[in-house]
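Undergrad: Following this message is one structure expressed as structure tokens.
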Amino acid sequence: MIVRPHQHWFRRLFVWHGSVLSKILFRLSLNLLMSAFAVICYQWYEALGVRLTTAPFSLLGVAIAIFLGFRNNASYARFTEARLLWGTLLITQRSLLRQIKSVFLHQPEQAKIFADLLTAFSWSLKHQLRQTDGNADLRRLVPAALAEEVQRSPDPTNRLLLCMGVWLGEQRQRGAVSDVIYEGMDRNLDQLARVLGGCERIANTPIPFAYSLILHRTVYLFCSLLPFALVEDLHYMTPLVSVFISYTFLSLESLAEELEHPFGMAANDLPLDAICNTIERNMREMNDQFPLPEKMLPDRHYTLT
Amino acid sequence: MIVRPHQHWFRRLFVWHGSVLSKILFRLSLNLLMSAFAVICYQWYEALGVRLTTAPFSLLGVAIAIFLGFRNNASYARFTEARLLWGTLLITQRSLLRQIKSVFLHQPEQAKIFADLLTAFSWSLKHQLRQTDGNADLRRLVPAALAEEVQRSPDPTNRLLLCMGVWLGEQRQRGAVSDVIYEGMDRNLDQLARVLGGCERIANTPIPFAYSLILHRTVYLFCSLLPFALVEDLHYMTPLVSVFISYTFLSLESLAEELEHPFGMAANDLPLDAICNTIERNMREMNDQFPLPEKMLPDRHYTLT
Amino acid sequence: MIVRPHQHWFRRLFVWHGSVLSKILFRLSLNLLMSAFAVICYQWYEALGVRLTTAPFSLLGVAIAIFLGFRNNASYARFTEARLLWGTLLITQRSLLRQIKSVFLHQPEQAKIFADLLTAFSWSLKHQLRQTDGNADLRRLVPAALAEEVQRSPDPTNRLLLCMGVWLGEQRQRGAVSDVIYEGMDRNLDQLARVLGGCERIANTPIPFAYSLILHRTVYLFCSLLPFALVEDLHYMTPLVSVFISYTFLSLESLAEELEHPFGMAANDLPLDAICNTIERNMREMNDQFPLPEKMLPDRHYTLT
Amino acid sequence: MIVRPHQHWFRRLFVWHGSVLSKILFRLSLNLLMSAFAVICYQWYEALGVRLTTAPFSLLGVAIAIFLGFRNNASYARFTEARLLWGTLLITQRSLLRQIKSVFLHQPEQAKIFADLLTAFSWSLKHQLRQTDGNADLRRLVPAALAEEVQRSPDPTNRLLLCMGVWLGEQRQRGAVSDVIYEGMDRNLDQLARVLGGCERIANTPIPFAYSLILHRTVYLFCSLLPFALVEDLHYMTPLVSVFISYTFLSLESLAEELEHPFGMAANDLPLDAICNTIERNMREMNDQFPLPEKMLPDRHYTLT
Amino acid sequence: MIVRPHQHWFRRLFVWHGSVLSKILFRLSLNLLMSAFAVICYQWYEALGVRLTTAPFSLLGVAIAIFLGFRNNASYARFTEARLLWGTLLITQRSLLRQIKSVFLHQPEQAKIFADLLTAFSWSLKHQLRQTDGNADLRRLVPAALAEEVQRSPDPTNRLLLCMGVWLGEQRQRGAVSDVIYEGMDRNLDQLARVLGGCERIANTPIPFAYSLILHRTVYLFCSLLPFALVEDLHYMTPLVSVFISYTFLSLESLAEELEHPFGMAANDLPLDAICNTIERNMREMNDQFPLPEKMLPDRHYTLT
């Protein structure tokens with residue numbers, strides 16, 4: 001994610017938005033070439049009997065804009081839901097720890113054990129979603145025996161949740177919490193399960209492939225044909241206007257594709273590292289375990305991973 | 001569902017998206033013929049007093065695009081909700097099993113019996129939604145007596161849920177769970193009932209038939225008449241532009257129709273087999289019942305059923 | 001509701017969608033007449049100094065399409081919510097009966113009494129929403145004394161819910177259910193109250209009247225003036241194009257109006273009879289009360305009431 | 001709210017929709033004058049070097065239609081949410097009374113006391129939202145001492161809720177309800193608090209003022225300039241088409257403004273009086289306190305307040 | 001937030017909406033200059049071979065309007081959600097205090113202590129979101145020891161919530177509240193945690209930066225090029241129409257940017273000070289702690305902070 005300080009409207013016009021621009025720069029150059037080619041070809045239009053006017057492209061352009069609007073909505077909804085789930089994760093972990101601390105008033109050790117499980121859960125979820133190796137983080141946070149059990153499992157994050165459930169069941173069996181209190185905490189474990197399942201759903205089920213494909217193709221073909229239609233009206237102005245229109249359509253299509261997978265490492269994706277860091281700091285701070293791990297800050301490109 | 005590895009934007013332009021393309025290919029060919037016919041007819045336009053311009057088609061095209069955008073939204077919302085329900089199914093089954101394991105700490109047998117009931121529930125729901133025969137899966141997972149009772153029922157999936165409720169009621173009666181714990185689990189059974197009912201609702205209530213019909217008809221008529229209007233402006237270019245515009249409208253209309261019924265076997269439908277497989281693997285893994293059934297992977301067309 | 005078997009795309013073009021088409025057929029004929037009139041008038045345009053071009057109608061047409069899209073959204077949202085409420089009804093009734101059967105494990109009589117109350121509730125809701133007489137269904141399902149009490153009430157459906165609450169309160173007072181179990185069931189009674197109240201809300205509060213009116217009027221006026229604007233460009237083609245555009249706008253406006261009141265008996269409305277029949281079959285099947293009432297099937301026009 | 005009987009589509013074209021039409025009638029007349037002025041001015045266009053064509057207005061018109069569509073959505077969402085909140089109010093009050101009657105099986109007096117508190121709550125909310133004096137309704141329903149306490153408070157509706165909470169707490173303290181039952185009822189009191197807070201939120205936070213302002217101004221300026229652009233194409237037809245387009249834009253803008261404040265007394269606002277009346281009738285009917293207050297019916301203009 | 005009294009439609013046309021207008025005034029002036037420049041340049045168009053027509057700009061304008069509509073939706077959704085969260089805050093605090101007062105019937109001191117914690121929570125949240133110093137408000141409301149503990153924490157608002165949890169745990173341990181009652185209150189503490197986490201999410205995760213950037217840039221470029229395209233059709237009318245179209249696009253883009261960050265101090269942002277003031281007045285009023293702090297009213301520019 002890019003976290004820019006607020007800038008003057010004018011300076012913002014010239015900001016380099018790398019992630020999207022670099023992806024479409026080549027396509028824009030192609031478009032520029034195409035436009036130049038169209039300008040050159042134009043003199044033979046009549047001889048070839050070729051006639052292309054803007055009217056049908058105007059119709060097509062508006063139709064594509066409407067469908068692209070739909071695709072943007074769908075992608076942005078996935079991004080928003082993913083962010084909401086990670087927000088819920090932080091909220092639920094704070095709530096669980098608050099419950100533990102409020103029930104085990106004079107046993108700070110229990111709260112520390114549980115807080116580490118919670119912290120490990122969020123790091124593990126991050127590693128699962130980004131398909132990176134989470135063993136180091138796991139070993140750092142939970143006892144060796146447990147870490148080994150979790151590592152062996154094909155679903156380590158879900159296994160961690162199961163371990164929290166078992167921990168809670170043991171507390172209940174030894175009478176440390178009553179059934180009512182147990183239920184109240186279990187409800188929050190269900191919430192963690194919902195976050196986990198929701199993230200897996202977003203990661204595993206992309207927007208139906210045909211949508212992306214049809215739009216990707218239609219936008220590209222539209223931008224490629226556009227200069228040949230514009231040339232009659234605009235002549236030498238064709239490259240300018242054609243690249244401008246292409247920029248609008250291509251960049252939004254490209255961004256929609258990026259946001260469709262919000263757990264990746266691209267510039268506009270969610271800063272999962274920073275959220276996990278926040279969770280860890282929160283958990284430790286609530287247990288007064290100082291010093292806290294250092295706060296993750298955006299790098300000099302204002303990017304937060 | 002199609003699960004493609006990420007591809008370069010250029011290669012993606014030439015990907016074959018069979019499911020939708022094959023359905024509209026014939027219609028696109030008809031459109032091509034129509035365009036050729038329009039080009040030929042054009043010479044007699046004046047003699048026949050026929051005049052067709054793009055202006056009214058432009059208006060109509062934008063209107064149809066807006067309505068098609070609405071239809072796409074509605075179809076995609078059904079697809080998304082169906083996926084959400086199956087996601088909730090996985091989440092709830094994990095949560096229920098976690099509760100059982102946490103409450104029956106030292107009776108792993110109980111957890112195994114219940115896990116099989118849960119697994120059978122999801123396979124049964126899949127068979128019900130796809131109207132296939134679920135007896136083999138049922139017999140594989142639950143005791144013979146129960147399987148027979150369930151098979152006799154006209155609503156086997158709901159009957160399985162009833163059996164879970166009875167199993168839970170028996171545990172409560174014999175004092176194995178207190179009323180409070182019983183309530184906590186019952187709340188998750190309610191959640192399963194919500195998933196079941198939600199899926200039935202999506203399967204049984206299509207988008208009002210008149211919507212599909214009006215749009216299907218309007219889009220088709222629009223694409224058929226379009227070449228006759230374009231020919232005046234574009235002449236020999238008519239087939240190219242006409243097929244392109246038709247492709248945009250027909251493919252989106254066709255995809256919307258496919259997504260309207262997300263439980264089918266078409267290429268863009270939900271991979272219910274794979275989700276059931278995930279659930280079964282999860283249930284067994286949480287009970288440490290190795291070896292797990294093999295993970296279902298996309299076939300060589302990247303399709304997951 | 002119309003439940004058609006899946007048809008070939010080509011055959012579907014010629015399907016008769018009676019409910020909407022018959023309503024607008026007269027208006028389309030008027031439009032045809034208007035177009036013919038416009039073609040005849042055209043020769044005097046210059047003499048009369050009349051000039052109408054498509055440009056402003058194009059602007060107006062797109063604006064109306066946008067507003068019609070909004071109206072379609074609003075109407076369809078009402079239809080969807082209504083279906084969701086009836087889906088929730090079925091789900092909640094199954095859940096309640098499952099709870100009863102799981103708690104009163106060896107008292108099947110209690111479950112039968114309660115199931116009849118639930119079935120009566122759904123039939124009563126249907127009769128209330130369609131303003132038909134529900135006495136026959138009521139007497140068929142509940143004891144005479146209760147039926148009489150319910151009939152006397154100005155809100156029979158709500159009174160039935162009150163009776164369920166009292167039945168549950170009695171079970172609690174005589175110690176058959178503990179407070180915790182009572183609460184769990186009461187939560188589902190609340191859910192029934194939500195379904196009842198939600199249906200009443202949809203039935204009693206239409207989309208603000210001015211919306212329907214403004215759009216109804218604007219669409220009609222637009223379609224009536226359109227041929228006079230098209231005639232300059234299209235001449236003899238005016239009737240064809242004008243009727244086509246009118247068909248698109250009028251049929252969608254008419255359908256939106258139909259969906260606005262989803263509890264009616266029109267072809268695209270909800271099949272409340274069939275849903276009540278499903279609920280009754282479910283309730284009896286869960287209690288093993290065979291034979292079940294016959295399943296309601298679409299008639300030969302594929303219509304389900 | 002206007003509750004019209006269903007009318008023939010043709011008669012509906014000529015219905016007088018006073019609330020909106022009367023507001024924009026003056027503006028439409030101005031527009032007519034402007035059009036006439038444009039027709040007269042047209043002869044000097046060339047001399048003055050003035051040139052206005054429809055093309056840029058077409059672009060602007062579509063853009064404004066899109067933004068107006070957004071504003072309509074936002075206003076309608078407020079209206080819908082407000083209606084939903086009042087629907088929830090009715091539902092929750094029925095549920096609360098059902099709980100009370102089911103728990104205090106043989107103490108109908110308690111139910112009557114509580115029902116009066118609930119009824120007073122809804123009237124008080126209505127008076128608060130419409131900023132009218134609620135003392136008469138309050139004194140009619142609750143004991144004098146309580147009425148006085150409530151009247152003294154700057155937030156009378158919230159105070160009534162507090163009184164219900166205290167009443168419930170007293171029942172709990174004297175052992176009439178167990179903690180579990182208390183919690184179940186308290187959950188519904190929370191629901192009432194949500195309705196109260198939600199209504200206050202809608203009433204106190206309008207759509208950001210700049211939205212209304214920008215659109216109000218843009219729509220007006222657009223309609224005023226439109227005839228000057230249309231006159232070149234349409235000449236004597238300018239007033240007809242210009243007033244028609246203005247009607248579409250102005251009436252929707254005006255309606256959006258009306259729906260933005262759904263608790264007012266305008267024709268399209270919510271019929272709070274009628275809803276309160278329904279609640280009171282429901283509460284009394286559930287307690288068999290006959291005769292019920294008379295049902296509020298629409299007046300002869302089909303208006304319900 | 002700006003809270004204007006209702007004004008006549010005509011006077012509203014000339015209202016000064018400072019916050020947005022002042023931001024774009026400079027850009028509009030630039031646009032005016034650009035238009036003048038375009039008018040002057042026009043005479044050399046032919047000599048330079050420059051040709052720019054409105055057709056491609058019309059297509060682009062509609063596409064940008066669609067994307068801007070999407071951006072407005074996204075920004076407004078953030079504003080609405082933020083308002084909803086603060087509404088939930090008020091609701092939950094009232095509910096919590098009602099629960100406390102209803103359970104601790106004869107210990108008004110407890111309710112006062114807790115009400116102060118709640119009030120401090122909302123002021124602290126405000127200070128956190130606006131990054132202002134909350135120490136004064138904190139010391140005013142809670143005991144010195146607690147205030148110091150909270151101030152030391154890097155997450156003071158979350159720490160306050162933790163303190164409430166501990167307070168509640170102590171009440172439970174000393175037997176003042178049963179487990180069931182404890183759970184009911186804890187559920188509302190969870191709700192406060194959800195409000196806190198939701199606000200942090202909105203504050204920390206802007207709309208993906210590339211969206212704002214692409215639109216900001218596209219809108220600006222579009223408005224700058226527009227006069228050069230309009231000049232052929234409109235000649236001396238170019239500045240008028242160009243500034244009008246630019247006003248529509250720039251003001252909406254600028255407003256969307258403002259609403260994206262609803263917790264700021266700009267004119268259209270949420271009046272957090274006033275909401276906190278309302279909460280404090282409510283808390284004190286429910287405890288009959290008169291005199292209440294003075295009600296915050298809009299200043300003479302109708303602005304509420």
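By convention here, the chains of the structure tokens are called A, B, ... in the order presented, each chain's residues are numbered starting at 1, and ligands are numbered starting at 1 in the order presented.
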Would you pick out the contacts of Lys101 of chain B at 8 Å or less, using only C-alpha atoms, so that residues sharing its chain but fewer than 5 positions from it are not included, and give the list as a count of residues only?
TA: 4
Undergrad: Give me, as a list in words, all polymer residues having an atom no more than 9 Å from Thr88 of chain E, counting only C-alpha atoms and skipping those fewer than 4 positions away in the same chain.
TA: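 Once the nearby chain positions are removed, what remains is Arg194, Gly197 and Gly198 of chain D; Arg83, Leu84, Thr92, Gln93, Gln191, Leu192 and Val195 of chain E.
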Undergrad: Using only C-alpha atoms, which protein or nucleic acid residues come within 10 Å of Leu125 of chain C? Drop anything in the same chain fewer than 6 positions from it, and give the result as a list in words.
TA: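 Those residues are Trp86, Gln131, Gly134, Asp155, Pro156, Thr157, Asn158, Leu160, Val195, Leu196, Cys199, Glu200, Leu272 and Cys276 of chain C.
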Undergrad: Convert the current residue selection to file output with C-alpha atoms, as a PDB file, in the first residue's frame.
TA:
```pdb
ATOM      1  CA  TRP C  86     -39.281 -16.134   2.838  1.00  0.00           C
ATOM      2  CA  GLN C 131     -55.164 -10.326   1.313  1.00  0.00           C
ATOM      3  CA  GLY C 134     -56.784 -17.842   5.514  1.00  0.00           C
ATOM      4  CA  ASP C 155     -53.319  -9.360  13.052  1.00  0.00           C
ATOM      5  CA  PRO C 156     -53.734 -13.130  12.851  1.00  0.00           C
ATOM      6  CA  THR C 157     -50.133 -13.882  11.875  1.00  0.00           C
ATOM      7  CA  ASN C 158     -48.688 -11.931  14.770  1.00  0.00           C
ATOM      8  CA  LEU C 160     -49.980 -17.012  16.002  1.00  0.00           C
ATOM      9  CA  VAL C 195     -39.655 -12.049   8.800  1.00  0.00           C
ATOM     10  CA  LEU C 196     -43.235 -11.022   9.535  1.00  0.00           C
ATOM     11  CA  CYS C 199     -42.780  -8.654   4.753  1.00  0.00           C
ATOM     12  CA  GLU C 200     -45.283  -6.147   6.119  1.00  0.00           C
ATOM     13  CA  LEU C 272     -45.703 -17.997  -2.082  1.00  0.00           C
ATOM     14  CA  CYS C 276     -45.687 -22.584   1.908  1.00  0.00           C
TER      15      CYS C 276
END
```
Undergrad: Identify all chain B residues at most 7 Å from chain C by counting only C-alpha atoms; ligands do not count. Present them as JSON, numbers by chain.
TA: {"B": [50, 51, 52, 53, 55, 59, 60, 62, 63, 66, 67, 70, 162, 165, 166, 169, 179, 180, 183, 190, 193, 194, 197, 198, 201, 208, 209, 210, 217, 218]}
Undergrad: Would you write out those residues with N, CA, C and O atoms, as a short mmCIF file (atom, residue, chain, number, x, y, z; two decimals), in the first residue's frame?
TA:
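That gives us out.cif:
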```
data_model
loop_
_atom_site.label_atom_id
_atom_site.label_comp_id
_atom_site.auth_asym_id
_atom_site.auth_seq_id
_atom_site.Cartn_x
_atom_site.Cartn_y
_atom_site.Cartn_z
N VAL B 50 -34.16 2.98 -48.00
CA VAL B 50 -33.76 2.59 -46.65
C VAL B 50 -32.72 3.56 -46.13
O VAL B 50 -31.76 3.89 -46.83
N ARG B 51 -32.94 4.02 -44.93
CA ARG B 51 -31.94 4.86 -44.29
C ARG B 51 -31.75 4.43 -42.85
O ARG B 51 -32.72 4.42 -42.08
N LEU B 52 -30.56 4.04 -42.49
CA LEU B 52 -30.27 3.70 -41.09
C LEU B 52 -28.98 4.40 -40.70
O LEU B 52 -27.95 4.23 -41.36
N THR B 53 -29.02 5.17 -39.64
CA THR B 53 -27.81 5.86 -39.20
C THR B 53 -27.40 5.36 -37.83
O THR B 53 -28.18 4.69 -37.14
N ALA B 55 -26.81 7.11 -35.12
CA ALA B 55 -27.27 7.89 -33.97
C ALA B 55 -28.28 7.13 -33.10
O ALA B 55 -28.07 6.97 -31.90
N LEU B 59 -27.72 5.58 -29.12
CA LEU B 59 -28.60 5.75 -27.95
C LEU B 59 -29.01 4.39 -27.41
O LEU B 59 -28.90 4.11 -26.21
N LEU B 60 -29.46 3.51 -28.29
CA LEU B 60 -29.93 2.20 -27.86
C LEU B 60 -28.79 1.40 -27.25
O LEU B 60 -28.96 0.72 -26.23
N VAL B 62 -26.10 2.43 -25.68
CA VAL B 62 -25.77 2.86 -24.33
C VAL B 62 -26.85 2.41 -23.35
O VAL B 62 -26.56 1.92 -22.26
N ALA B 63 -28.10 2.52 -23.76
CA ALA B 63 -29.18 2.06 -22.88
C ALA B 63 -29.03 0.58 -22.59
O ALA B 63 -29.12 0.14 -21.43
N ILE B 66 -26.30 -0.08 -20.15
CA ILE B 66 -26.69 0.21 -18.77
C ILE B 66 -27.52 -0.94 -18.19
O ILE B 66 -27.29 -1.40 -17.08
N PHE B 67 -28.48 -1.44 -18.96
CA PHE B 67 -29.31 -2.53 -18.45
C PHE B 67 -28.50 -3.81 -18.31
O PHE B 67 -28.70 -4.59 -17.38
N PHE B 70 -26.67 -3.72 -15.20
CA PHE B 70 -27.55 -4.11 -14.09
C PHE B 70 -27.67 -5.63 -14.01
O PHE B 70 -27.54 -6.24 -12.94
N LEU B 162 -30.91 -32.57 10.90
CA LEU B 162 -31.78 -33.01 11.99
C LEU B 162 -31.06 -34.07 12.83
O LEU B 162 -31.14 -34.04 14.07
N GLY B 165 -28.72 -32.52 15.13
CA GLY B 165 -29.46 -31.94 16.25
C GLY B 165 -29.82 -33.01 17.26
O GLY B 165 -29.68 -32.81 18.48
N VAL B 166 -30.27 -34.18 16.77
CA VAL B 166 -30.64 -35.26 17.69
C VAL B 166 -29.41 -35.76 18.44
O VAL B 166 -29.44 -35.98 19.65
N GLY B 169 -28.76 -33.35 21.06
CA GLY B 169 -29.77 -33.47 22.11
C GLY B 169 -29.50 -34.66 23.01
O GLY B 169 -29.69 -34.59 24.23
N ASP B 179 -26.55 -27.10 29.31
CA ASP B 179 -27.45 -26.33 28.45
C ASP B 179 -26.72 -25.20 27.74
O ASP B 179 -26.97 -24.91 26.57
N VAL B 180 -25.80 -24.56 28.47
CA VAL B 180 -25.10 -23.41 27.88
C VAL B 180 -24.23 -23.86 26.70
O VAL B 180 -24.22 -23.25 25.63
N GLU B 183 -26.38 -24.77 23.76
CA GLU B 183 -26.82 -23.59 23.02
C GLU B 183 -25.75 -23.08 22.07
O GLU B 183 -26.01 -22.71 20.93
N ASP B 190 -27.72 -23.83 13.57
CA ASP B 190 -28.56 -22.84 12.90
C ASP B 190 -27.84 -22.25 11.69
O ASP B 190 -28.44 -22.01 10.64
N ALA B 193 -28.03 -24.52 8.89
CA ALA B 193 -29.38 -24.44 8.30
C ALA B 193 -29.48 -23.23 7.38
O ALA B 193 -30.13 -23.27 6.34
N ARG B 194 -28.82 -22.13 7.79
CA ARG B 194 -28.86 -20.92 6.97
C ARG B 194 -28.14 -21.15 5.63
O ARG B 194 -28.59 -20.70 4.59
N GLY B 197 -30.45 -23.42 3.50
CA GLY B 197 -31.60 -22.67 2.98
C GLY B 197 -31.19 -21.64 1.95
O GLY B 197 -31.88 -21.42 0.96
N GLY B 198 -30.05 -21.00 2.19
CA GLY B 198 -29.57 -19.99 1.25
C GLY B 198 -29.24 -20.59 -0.10
O GLY B 198 -29.59 -20.03 -1.15
N ARG B 201 -32.40 -21.44 -1.90
CA ARG B 201 -33.02 -20.23 -2.43
C ARG B 201 -32.39 -19.82 -3.75
O ARG B 201 -33.08 -19.55 -4.73
N PRO B 208 -35.78 -12.91 -12.15
CA PRO B 208 -37.08 -12.96 -12.84
C PRO B 208 -36.89 -13.20 -14.34
O PRO B 208 -36.12 -12.51 -15.00
N PHE B 209 -37.63 -14.20 -14.82
CA PHE B 209 -37.43 -14.67 -16.19
C PHE B 209 -37.51 -13.54 -17.21
O PHE B 209 -36.76 -13.53 -18.19
N ALA B 210 -38.40 -12.59 -16.97
CA ALA B 210 -38.59 -11.54 -17.97
C ALA B 210 -37.32 -10.71 -18.17
O ALA B 210 -37.03 -10.24 -19.26
N ARG B 217 -33.15 -10.91 -25.81
CA ARG B 217 -33.78 -10.55 -27.08
C ARG B 217 -33.26 -9.21 -27.60
O ARG B 217 -32.92 -9.06 -28.76
N THR B 218 -33.19 -8.24 -26.71
CA THR B 218 -32.78 -6.90 -27.11
C THR B 218 -31.34 -6.90 -27.60
O THR B 218 -31.02 -6.31 -28.63
#
```
Undergrad: Would you work out the distance separating atom CA of Phe121 of chain A from atom CA of Trp167 of chain A, expressed in Å to one decimal?
TA: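 Between atom CA of Phe121 of chain A and atom CA of Trp167 of chain A the gap works out to 14.2 Å.
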Undergrad: Could you please write out, as a ChimeraX atom specification, every residue of segment 48-79 of chain A that DSSP assigns to alpha helix (DSSP H)?
TA: /A:48,54-79
Undergrad: Distance atom CA of Asp186 of chain B-atom CA of Ala136 of chain B, one decimal place?
TA: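 Distance reported for this atom pair: 28.1 Å.
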Undergrad: Quote the spacing between atom CA of Val142 of chain D and atom CA of Arg284 of chain D in Å to one decimal place.
TA: 14.1 Å
Undergrad: Neighbouring residues of Asp273 of chain C were defined as those with any atom within 9 Å, considering only C-alpha atoms; residues of the same chain fewer than 2 positions away were excluded. Please report them as a VMD selection string.
TA: chain C and resid 123 126 270 to 271 275 to 278 296 304 to 305
